[in-house]
$ cat entry31.csv   # CSV, C-alpha atoms
chain,number,residue,atom,x,y,z
C,1,MET,CA,-17.5,-42.7,35.2
C,2,THR,CA,-18.2,-40.3,32.4
C,3,ASP,CA,-21.7,-38.9,32.3
C,4,PRO,CA,-23.2,-40.0,29.0
C,5,HIS,CA,-25.0,-36.7,28.7
C,6,ASP,CA,-21.7,-34.8,29.0
C,7,ALA,CA,-20.1,-37.2,26.5
C,8,ASP,CA,-23.0,-36.5,24.0
C,9,ASN,CA,-22.6,-32.8,24.5
C,10,ARG,CA,-18.9,-32.9,23.8
C,11,MET,CA,-19.4,-35.0,20.7
C,12,GLN,CA,-22.2,-32.6,19.5
C,13,THR,CA,-19.8,-29.7,20.0
C,14,LEU,CA,-17.1,-31.4,18.0
C,15,LEU,CA,-19.6,-32.3,15.3
C,16,ALA,CA,-20.7,-28.6,15.1
C,17,GLU,CA,-17.1,-27.5,14.8
C,18,LEU,CA,-16.6,-30.1,12.1
C,19,ARG,CA,-19.7,-28.9,10.2
C,20,GLN,CA,-18.5,-25.2,10.3
C,21,ALA,CA,-15.0,-26.2,9.2
C,22,GLU,CA,-16.4,-28.1,6.3
C,23,GLN,CA,-18.6,-25.3,5.3
C,24,ALA,CA,-15.6,-23.0,5.4
C,25,LYS,CA,-13.6,-25.5,3.2
C,26,VAL,CA,-10.9,-26.1,5.8
C,27,PHE,CA,-10.4,-29.6,4.5
C,28,GLU,CA,-9.9,-28.6,0.9
C,29,PRO,CA,-6.3,-28.1,-0.4
C,30,THR,CA,-4.8,-24.6,-0.6
C,31,PRO,CA,-4.2,-23.7,-4.3
C,32,VAL,CA,-0.4,-23.2,-4.2
C,33,SER,CA,2.3,-24.4,-6.5
C,34,ALA,CA,5.5,-25.8,-5.1
C,35,GLY,CA,7.3,-24.6,-8.2
C,36,GLN,CA,6.1,-21.0,-7.7
C,37,LEU,CA,7.1,-21.1,-4.0
C,38,VAL,CA,10.6,-22.3,-5.0
C,39,GLY,CA,10.9,-19.4,-7.5
C,40,GLN,CA,9.7,-16.9,-4.9
C,41,ARG,CA,12.2,-18.3,-2.4
C,42,ARG,CA,15.1,-17.8,-4.9
C,43,ARG,CA,13.9,-14.2,-5.7
C,44,VAL,CA,13.8,-13.4,-2.0
C,45,SER,CA,17.3,-14.8,-1.6
C,46,SER,CA,18.7,-12.6,-4.4
C,47,ARG,CA,16.7,-9.6,-3.1
C,48,SER,CA,18.0,-10.0,0.4
C,49,ARG,CA,21.6,-10.2,-1.0
C,50,ALA,CA,21.0,-7.0,-2.9
C,51,ARG,CA,19.5,-5.4,0.1
C,52,ARG,CA,22.6,-6.3,2.2
C,53,VAL,CA,24.8,-4.7,-0.5
C,54,LEU,CA,22.8,-1.6,-0.5
C,55,ILE,CA,22.9,-1.3,3.2
C,56,GLY,CA,26.7,-1.8,3.1
C,57,LEU,CA,27.0,1.0,0.4
C,58,GLN,CA,24.9,3.4,2.5
C,59,ALA,CA,27.0,2.6,5.6
C,60,ALA,CA,30.2,3.2,3.6
C,61,ALA,CA,28.8,6.5,2.2
C,62,CYS,CA,28.0,7.6,5.8
C,63,ILE,CA,31.5,6.7,7.0
C,64,ALA,CA,33.1,8.6,4.1
C,65,LEU,CA,31.0,11.6,4.8
C,66,VAL,CA,32.0,11.6,8.5
C,67,VAL,CA,35.7,11.2,7.6
C,68,GLY,CA,35.4,14.0,5.0
C,69,VAL,CA,33.8,16.4,7.5
C,70,ALA,CA,36.4,15.5,10.1
C,71,ASN,CA,39.2,16.2,7.6
C,72,TRP,CA,37.6,19.5,6.7
C,73,TRP,CA,37.6,20.5,10.4
C,74,ARG,CA,41.3,19.7,10.9
C,75,PRO,CA,43.5,22.8,11.8
C,76,GLY,CA,45.5,22.5,8.6
C,77,GLN,CA,42.3,22.5,6.5
C,78,THR,CA,40.8,25.2,8.6
C,79,SER,CA,43.6,27.6,7.9
C,80,SER,CA,43.3,27.0,4.2
C,81,ILE,CA,39.6,27.6,4.2
C,82,LEU,CA,39.9,30.8,6.3
C,83,GLY,CA,42.7,31.8,3.9
C,84,GLY,CA,43.8,35.4,4.3
C,85,ALA,CA,42.6,35.8,7.9
C,86,GLU,CA,44.6,32.8,9.1
C,87,ALA,CA,47.6,33.8,6.9
C,88,GLY,CA,47.2,37.3,8.3
C,89,ARG,CA,47.2,35.9,11.8
C,90,GLN,CA,50.4,33.9,11.1
C,91,SER,CA,52.2,37.1,9.6
C,92,GLN,CA,51.0,39.1,12.5
C,93,ALA,CA,52.5,36.6,14.7
C,94,THR,CA,55.7,37.0,12.8
C,95,GLY,CA,55.0,40.7,12.5
C,96,GLY,CA,54.4,40.6,16.2
C,97,GLN,CA,58.1,40.8,16.6
C,98,ALA,CA,58.2,43.9,14.4
C,99,VAL,CA,55.4,45.4,16.5
C,100,SER,CA,57.3,44.9,19.7
C,101,VAL,CA,60.4,46.4,18.1
C,102,LEU,CA,58.4,49.3,16.7
C,103,ALA,CA,56.9,49.9,20.2
C,104,GLY,CA,60.3,49.9,21.7
C,105,CYS,CA,61.8,52.1,19.1
C,106,LEU,CA,59.0,54.5,18.5
C,107,ALA,CA,60.5,57.9,19.2
C,108,GLY,CA,58.0,60.3,17.7
C,109,PRO,CA,58.5,62.9,15.0
C,110,THR,CA,61.4,64.4,16.8
C,111,GLY,CA,62.9,61.1,17.7
C,112,SER,CA,66.6,60.6,18.2
C,113,GLY,CA,66.9,58.1,15.3
C,114,ALA,CA,67.0,54.5,14.7
C,115,LEU,CA,69.6,53.2,17.0
C,116,GLY,CA,70.7,49.7,17.9
C,117,GLY,CA,68.2,47.2,16.6
C,118,CYS,CA,65.7,49.8,15.5
C,119,GLY,CA,67.2,50.2,12.0
C,120,ARG,CA,65.2,47.2,10.7
C,121,VAL,CA,61.9,49.0,11.5
C,122,ASP,CA,63.0,52.3,10.0
C,123,TYR,CA,61.0,51.5,6.9
C,124,ASP,CA,61.2,55.0,5.3
C,125,THR,CA,64.9,55.1,6.1
C,126,ASP,CA,64.7,58.7,7.4
C,127,GLY,CA,66.8,57.8,10.4
C,128,ASP,CA,64.0,57.5,13.0
C,129,VAL,CA,61.2,55.3,13.9
C,130,ASP,CA,57.9,57.1,14.0
C,131,LEU,CA,54.3,56.6,13.0
C,132,VAL,CA,55.2,56.9,9.4
C,133,ASP,CA,57.3,53.7,9.9
C,134,PHE,CA,54.4,52.2,11.7
C,135,GLY,CA,52.0,52.9,8.8
C,136,ALA,CA,54.6,51.4,6.5
C,137,TYR,CA,54.7,48.3,8.7
C,138,GLN,CA,50.9,48.0,8.5
C,139,ARG,CA,50.9,48.2,4.7
C,140,LEU,CA,53.5,45.5,4.6
C,141,SER,CA,51.4,43.3,7.0
C,142,ARG,CA,48.4,43.4,4.7
C,143,THR,CA,50.5,42.2,1.8
C,144,GLY,CA,51.6,39.2,3.9
C,145,ARG,CA,55.3,40.1,4.2
F,1,MET,CA,8.7,-51.3,6.4
F,2,GLY,CA,6.2,-49.5,4.3
F,3,GLU,CA,5.6,-46.3,2.5
F,4,GLY,CA,5.5,-44.4,5.8
F,5,THR,CA,9.2,-45.0,6.4
F,6,ASP,CA,10.1,-43.2,3.2
F,7,GLN,CA,8.6,-40.0,4.4
F,8,PRO,CA,11.2,-37.6,5.8
F,9,ASP,CA,10.9,-36.4,9.4
F,10,ASP,CA,10.4,-32.6,10.0
F,11,SER,CA,14.0,-31.8,10.4
F,12,GLN,CA,14.9,-33.5,7.1
F,13,LEU,CA,12.0,-31.8,5.5
F,14,ILE,CA,13.1,-28.4,6.7
F,15,ALA,CA,16.6,-28.9,5.4
F,16,ALA,CA,15.3,-30.0,2.0
F,17,VAL,CA,12.9,-27.0,1.8
F,18,ALA,CA,15.7,-24.7,2.7
F,19,GLY,CA,17.7,-26.2,-0.1
F,20,GLY,CA,14.9,-25.3,-2.5
F,21,ASP,CA,13.7,-28.8,-3.3
F,22,PRO,CA,10.2,-28.5,-4.9
F,23,LEU,CA,9.3,-32.1,-3.9
F,24,ALA,CA,10.1,-31.3,-0.3
F,25,ILE,CA,8.0,-28.1,-0.4
F,26,ARG,CA,5.1,-30.2,-1.8
F,27,GLN,CA,5.5,-32.7,1.0
F,28,LEU,CA,5.6,-29.9,3.6
F,29,ILE,CA,2.3,-28.5,2.1
F,30,ASP,CA,0.7,-31.9,2.1
F,31,ARG,CA,1.7,-32.5,5.7
F,32,TYR,CA,0.7,-29.2,7.2
F,33,ASP,CA,-1.8,-27.5,4.8
F,34,ARG,CA,-4.8,-28.6,6.8
F,35,LEU,CA,-3.3,-27.2,10.0
F,36,VAL,CA,-2.5,-23.9,8.3
F,37,ARG,CA,-6.1,-23.6,7.1
F,38,TYR,CA,-7.6,-24.6,10.4
F,39,ALA,CA,-5.4,-22.0,12.2
F,40,VAL,CA,-6.6,-19.3,9.9
F,41,PHE,CA,-10.2,-20.6,10.3
F,42,ARG,CA,-9.9,-20.4,14.1
F,43,MET,CA,-8.7,-16.8,13.9
F,44,SER,CA,-11.1,-15.5,11.3
F,45,ARG,CA,-14.2,-17.7,11.5
F,46,GLN,CA,-16.7,-15.0,10.5
F,47,ARG,CA,-14.6,-13.9,7.6
F,48,CYS,CA,-14.2,-17.4,6.3
F,49,HIS,CA,-18.0,-17.9,6.2
F,50,ARG,CA,-18.6,-14.5,4.7
F,51,ASP,CA,-16.0,-14.6,2.0
F,52,PRO,CA,-15.5,-17.9,0.2
F,53,LEU,CA,-12.1,-16.8,-1.1
F,54,TRP,CA,-10.7,-15.6,2.2
F,55,LEU,CA,-9.3,-18.9,3.5
F,56,ASP,CA,-7.6,-19.8,0.2
F,57,SER,CA,-6.1,-16.3,-0.1
F,58,VAL,CA,-4.7,-16.1,3.4
F,59,ALA,CA,-3.5,-19.7,3.4
F,60,SER,CA,-1.6,-19.2,0.1
F,61,GLU,CA,0.1,-16.1,1.5
F,62,ALA,CA,0.9,-18.0,4.7
F,63,TRP,CA,2.6,-20.7,2.6
F,64,THR,CA,4.6,-18.1,0.8
F,65,ASP,CA,5.8,-16.7,4.1
F,66,ILE,CA,6.6,-20.2,5.4
F,67,CYS,CA,8.6,-21.3,2.4
F,68,ARG,CA,10.5,-18.0,2.4
F,69,SER,CA,11.5,-18.2,6.0
F,70,VAL,CA,12.3,-21.9,6.5
F,71,GLY,CA,16.0,-22.2,7.0
F,72,GLN,CA,16.6,-18.5,7.2
F,73,GLY,CA,16.4,-17.9,10.9
F,74,PRO,CA,17.2,-19.9,14.0
F,75,PRO,CA,16.6,-23.7,13.7
F,76,VAL,CA,12.9,-24.7,13.9
F,77,ARG,CA,12.3,-27.1,16.7
F,78,HIS,CA,8.6,-27.8,16.3
F,79,LEU,CA,7.4,-27.4,12.7
F,80,HIS,CA,3.7,-27.6,13.6
F,81,SER,CA,4.1,-24.6,16.0
F,82,TYR,CA,6.1,-22.7,13.4
F,83,VAL,CA,3.6,-23.0,10.6
F,84,ILE,CA,0.7,-22.1,13.0
F,85,GLN,CA,2.5,-19.0,14.1
F,86,ILE,CA,3.2,-17.9,10.6
F,87,ALA,CA,-0.4,-18.6,9.5
F,88,ARG,CA,-1.7,-16.6,12.5
F,89,ARG,CA,0.6,-13.7,11.8
F,90,ARG,CA,-0.5,-13.6,8.1
F,91,CYS,CA,-4.1,-13.8,9.2
F,92,ILE,CA,-3.7,-10.9,11.6
F,93,ASP,CA,-2.0,-8.8,8.9
F,94,ARG,CA,-4.9,-9.5,6.5
F,95,LEU,CA,-7.5,-8.8,9.1
F,96,ARG,CA,-6.0,-5.4,9.9
F,97,GLN,CA,-5.6,-4.6,6.2
F,98,TRP,CA,-9.2,-5.5,5.6
F,99,ASP,CA,-10.5,-3.5,8.5
F,100,ARG,CA,-8.7,-0.4,7.2
F,101,VAL,CA,-10.4,-0.5,3.8
F,102,ASP,CA,-13.8,-1.9,4.8
F,103,ARG,CA,-16.2,0.9,4.4
F,104,ALA,CA,-18.8,-0.8,6.5
F,105,GLY,CA,-16.6,-0.4,9.5
F,106,PRO,CA,-14.5,-2.8,11.5
F,107,ILE,CA,-15.8,-6.3,11.8
F,108,GLU,CA,-16.0,-6.0,15.6
F,109,ALA,CA,-18.7,-3.4,15.3
F,110,GLU,CA,-20.6,-5.4,12.7
F,111,ASP,CA,-20.7,-8.7,14.4
F,112,GLY,CA,-20.5,-7.6,18.0
F,113,ALA,CA,-18.1,-10.5,18.4
F,114,GLN,CA,-14.4,-10.8,18.9
F,115,VAL,CA,-12.6,-10.8,15.5
F,116,ILE,CA,-9.8,-13.1,16.5
F,117,ASP,CA,-10.4,-16.2,18.6
F,118,LYS,CA,-8.4,-16.4,21.8
F,119,GLN,CA,-4.9,-17.5,20.7
F,120,GLU,CA,-5.0,-21.0,22.2
F,121,ASP,CA,-1.9,-23.0,22.6
F,122,THR,CA,-0.5,-24.5,19.4
F,123,ILE,CA,-0.6,-28.0,21.0
F,124,ASP,CA,-4.3,-27.6,21.7
F,125,LEU,CA,-4.9,-26.4,18.1
F,126,LEU,CA,-3.0,-29.4,16.7
F,127,GLY,CA,-5.0,-31.7,19.0
F,128,LYS,CA,-8.3,-30.2,17.9
F,129,MET,CA,-7.3,-30.5,14.2
F,130,GLU,CA,-6.4,-34.1,14.7
F,131,ASP,CA,-9.8,-34.7,16.5
F,132,LEU,CA,-11.7,-33.1,13.6
F,133,THR,CA,-9.8,-35.1,11.0
F,134,ALA,CA,-10.5,-38.4,12.8
F,135,LEU,CA,-14.2,-37.4,13.4
F,136,ARG,CA,-14.5,-36.6,9.7
F,137,GLU,CA,-13.3,-40.0,8.8
F,138,CYS,CA,-15.8,-41.6,11.2
F,139,VAL,CA,-18.7,-39.6,9.8
F,140,ALA,CA,-17.6,-40.7,6.3
F,141,GLY,CA,-17.9,-44.2,7.5
F,142,LEU,CA,-21.6,-43.8,8.4
F,143,VAL,CA,-24.3,-45.0,6.2
F,144,GLN,CA,-25.8,-42.4,3.8
F,145,ALA,CA,-29.1,-42.1,5.8
F,146,ASP,CA,-27.1,-41.4,9.0
F,147,ARG,CA,-24.8,-38.9,7.2
F,148,ALA,CA,-27.8,-36.9,6.2
F,149,LEU,CA,-28.5,-36.1,9.9
F,150,PHE,CA,-25.1,-34.5,10.1
F,151,GLY,CA,-26.4,-31.6,8.0
F,152,GLU,CA,-28.8,-30.7,10.8
F,153,VAL,CA,-26.2,-30.8,13.6
F,154,GLU,CA,-26.5,-27.0,14.3
F,155,ALA,CA,-30.3,-27.2,14.8
F,156,ILE,CA,-29.9,-30.3,16.9
F,157,THR,CA,-27.2,-28.8,19.0
F,158,ALA,CA,-29.4,-25.8,19.5
F,159,GLY,CA,-32.3,-28.0,20.6
F,160,ARG,CA,-34.5,-27.3,17.6
F,161,TRP,CA,-35.4,-31.0,17.1
F,162,ARG,CA,-38.8,-30.5,15.6
F,163,GLU,CA,-37.4,-28.1,13.0
F,164,ALA,CA,-34.5,-30.5,12.1
F,165,GLY,CA,-37.0,-33.4,12.0
F,166,GLY,CA,-39.2,-31.4,9.7
F,167,ARG,CA,-36.4,-30.8,7.2
F,168,LEU,CA,-35.3,-34.5,7.4
F,169,GLY,CA,-38.9,-35.8,7.0
F,170,MET,CA,-39.0,-37.7,10.3
F,171,PRO,CA,-40.8,-37.2,13.7
F,172,GLU,CA,-38.8,-35.6,16.5
F,173,SER,CA,-38.8,-38.9,18.6
F,174,THR,CA,-37.3,-40.8,15.7
F,175,LEU,CA,-34.7,-38.2,15.1
F,176,ARG,CA,-33.7,-38.2,18.7
F,177,SER,CA,-33.4,-42.0,18.7
F,178,HIS,CA,-31.3,-42.0,15.5
F,179,TRP,CA,-29.1,-39.2,16.8
F,180,LYS,CA,-28.3,-41.0,20.1
F,181,ARG,CA,-27.3,-44.1,18.2
F,182,ILE,CA,-25.1,-42.1,15.8
F,183,LEU,CA,-23.3,-40.4,18.7
F,184,GLY,CA,-22.6,-43.7,20.3
F,185,ALA,CA,-21.2,-45.1,17.0
F,186,LEU,CA,-19.0,-42.0,16.5
F,187,ARG,CA,-17.6,-42.2,20.0
F,188,GLN,CA,-16.7,-45.9,19.4
F,189,CYS,CA,-15.0,-44.9,16.2
F,190,MET,CA,-13.0,-42.1,17.8
F,191,ASP,CA,-11.9,-44.5,20.6
F,192,ALA,CA,-10.7,-47.0,17.9
F,193,LYS,CA,-8.7,-44.2,16.3
F,194,GLY,CA,-7.1,-43.3,19.6
F,195,ARG,CA,-8.9,-40.0,19.8
F,196,GLY,CA,-11.3,-40.8,22.6
F,197,PRO,CA,-12.9,-40.3,25.0
F,198,VAL,CA,-14.5,-37.2,23.5
$ encode --input "entry31.csv" --output "structure tokens"
Amino acid sequence: MTDPHDADNRMQTLLAELRQAEQAKVFEPTPVSAGQLVGQRRRVSSRSRARRVLIGLQAAACIALVVGVANWWRPGQTSSILGGAEAGRQSQATGGQAVSVLAGCLAGPTGSGALGGCGRVDYDTDGDVDLVDFGAYQRLSRTGR
Amino acid sequence: MGEGTDQPDDSQLIAAVAGGDPLAIRQLIDRYDRLVRYAVFRMSRQRCHRDPLWLDSVASEAWTDICRSVGQGPPVRHLHSYVIQIARRRCIDRLRQWDRVDRAGPIEAEDGAQVIDKQEDTIDLLGKMEDLTALRECVAGLVQADRALFGEVEAITAGRWREAGGRLGMPESTLRSHWKRILGALRQCMDAKGRGPV
């Protein structure tokens, strides 16, 4: 059986809460307009669509930047950016054959002459392969031939 | 069949609000406004008493948040819990904002009390709101002379009978007798409304 004193206390507590809520105007309606809320909801929808588009554009821009940087670092592109150095390395590679022939044919100032396959590295056509021919080869390498 | 059956249930209301129906928004507000305001009151009681515009301001912003978010995220199962959570969230944001700009310092230091009431379960909050609504109707059903005693409930609850009696113009013994009778009448009224025993 409920103690009447406890029941009175609980009712008094509830009455005090009610009194405070009334003083704070809990039971009065909030001044909002349904029409304004509809308008705000529509604005939020269009703003969220615009935000999604912007996010998509930013993502596309990031992807394009990554692809561009990756293309820039491809070996083909690298050689074009490095220009003469890479081109030089490629002629040296080709010229590497001339170097090996020169090394094999180098006879010194009193050399016996450009024999066999050595004629193609006798650049001054003096009949031998010496350092003068090597200097001519170096000049030709710089011009990319 | 009466007017009550024309009222949409919560799921129908959510769908209509998500579709931008202003009538549905109005119905949603009418149905849950008091709960939103009570949730804000429970979280910021001191602020509500100190600033008469606080509750209207926070509740308006809460309604903006509610109407923006209805239908946007996962399906709402319990609309009353949903509106309470959004109202609490908005109240917390405003309290933090207010504390940052308040030159007098944070409200905790000023009042020496917890700013935000313990976050009770939403079911408990809903139940208390319904109790208060029923009790308010019961008090409104009292005669004028008895309703006047309701204005002294704080002093009576604190045991200051002589002080309350002095303001009401009656001896302490008379006040005690009337008060006991009123409490009994209110308990009966609450029982009749299905909100008892208190």
$ interface_residues --input "entry31.csv" --of "chain F" --to "chain C" --cutoff "9 Å" --atoms "all atoms listed in the file" --output "ChimeraX atom specification"
/F:17-18,20-26,29-30,33-35,37-38,41,45,48-49,52,55-57,59-60,63-64,67-69,128,131-133,135-136,150-151,153-154,156-157,180,183-184,186-187,197-198
$ atom_distance --input "entry31.csv" --atom1 "CA of Gly73 (chain F)" --atom2 "CA of Arg96 (chain F)"
25.7 Å
$ residues_around --input "entry31.csv" --residues "Ile66 (chain F)" --least-positions-apart "5" --cutoff "9 Å" --atoms "only C-alpha atoms" --output "MDAnalysis selection string"
chainID F and resid 61 82:83 86:87
$ residues_around --input "entry31.csv" --residues "Arg90 (chain F)" --least-positions-apart "5" --cutoff "9 Å" --atoms "all atoms listed in the file" --output "list in words"
Val40, Val58, Ala59, Glu61, Ala62, Asp65, Gln85 and Leu95 of chain F
$ atom_distance --input "entry31.csv" --atom1 "CA of Leu57 (chain C)" --atom2 "CA of Ala70 (chain C)"
19.8 Å
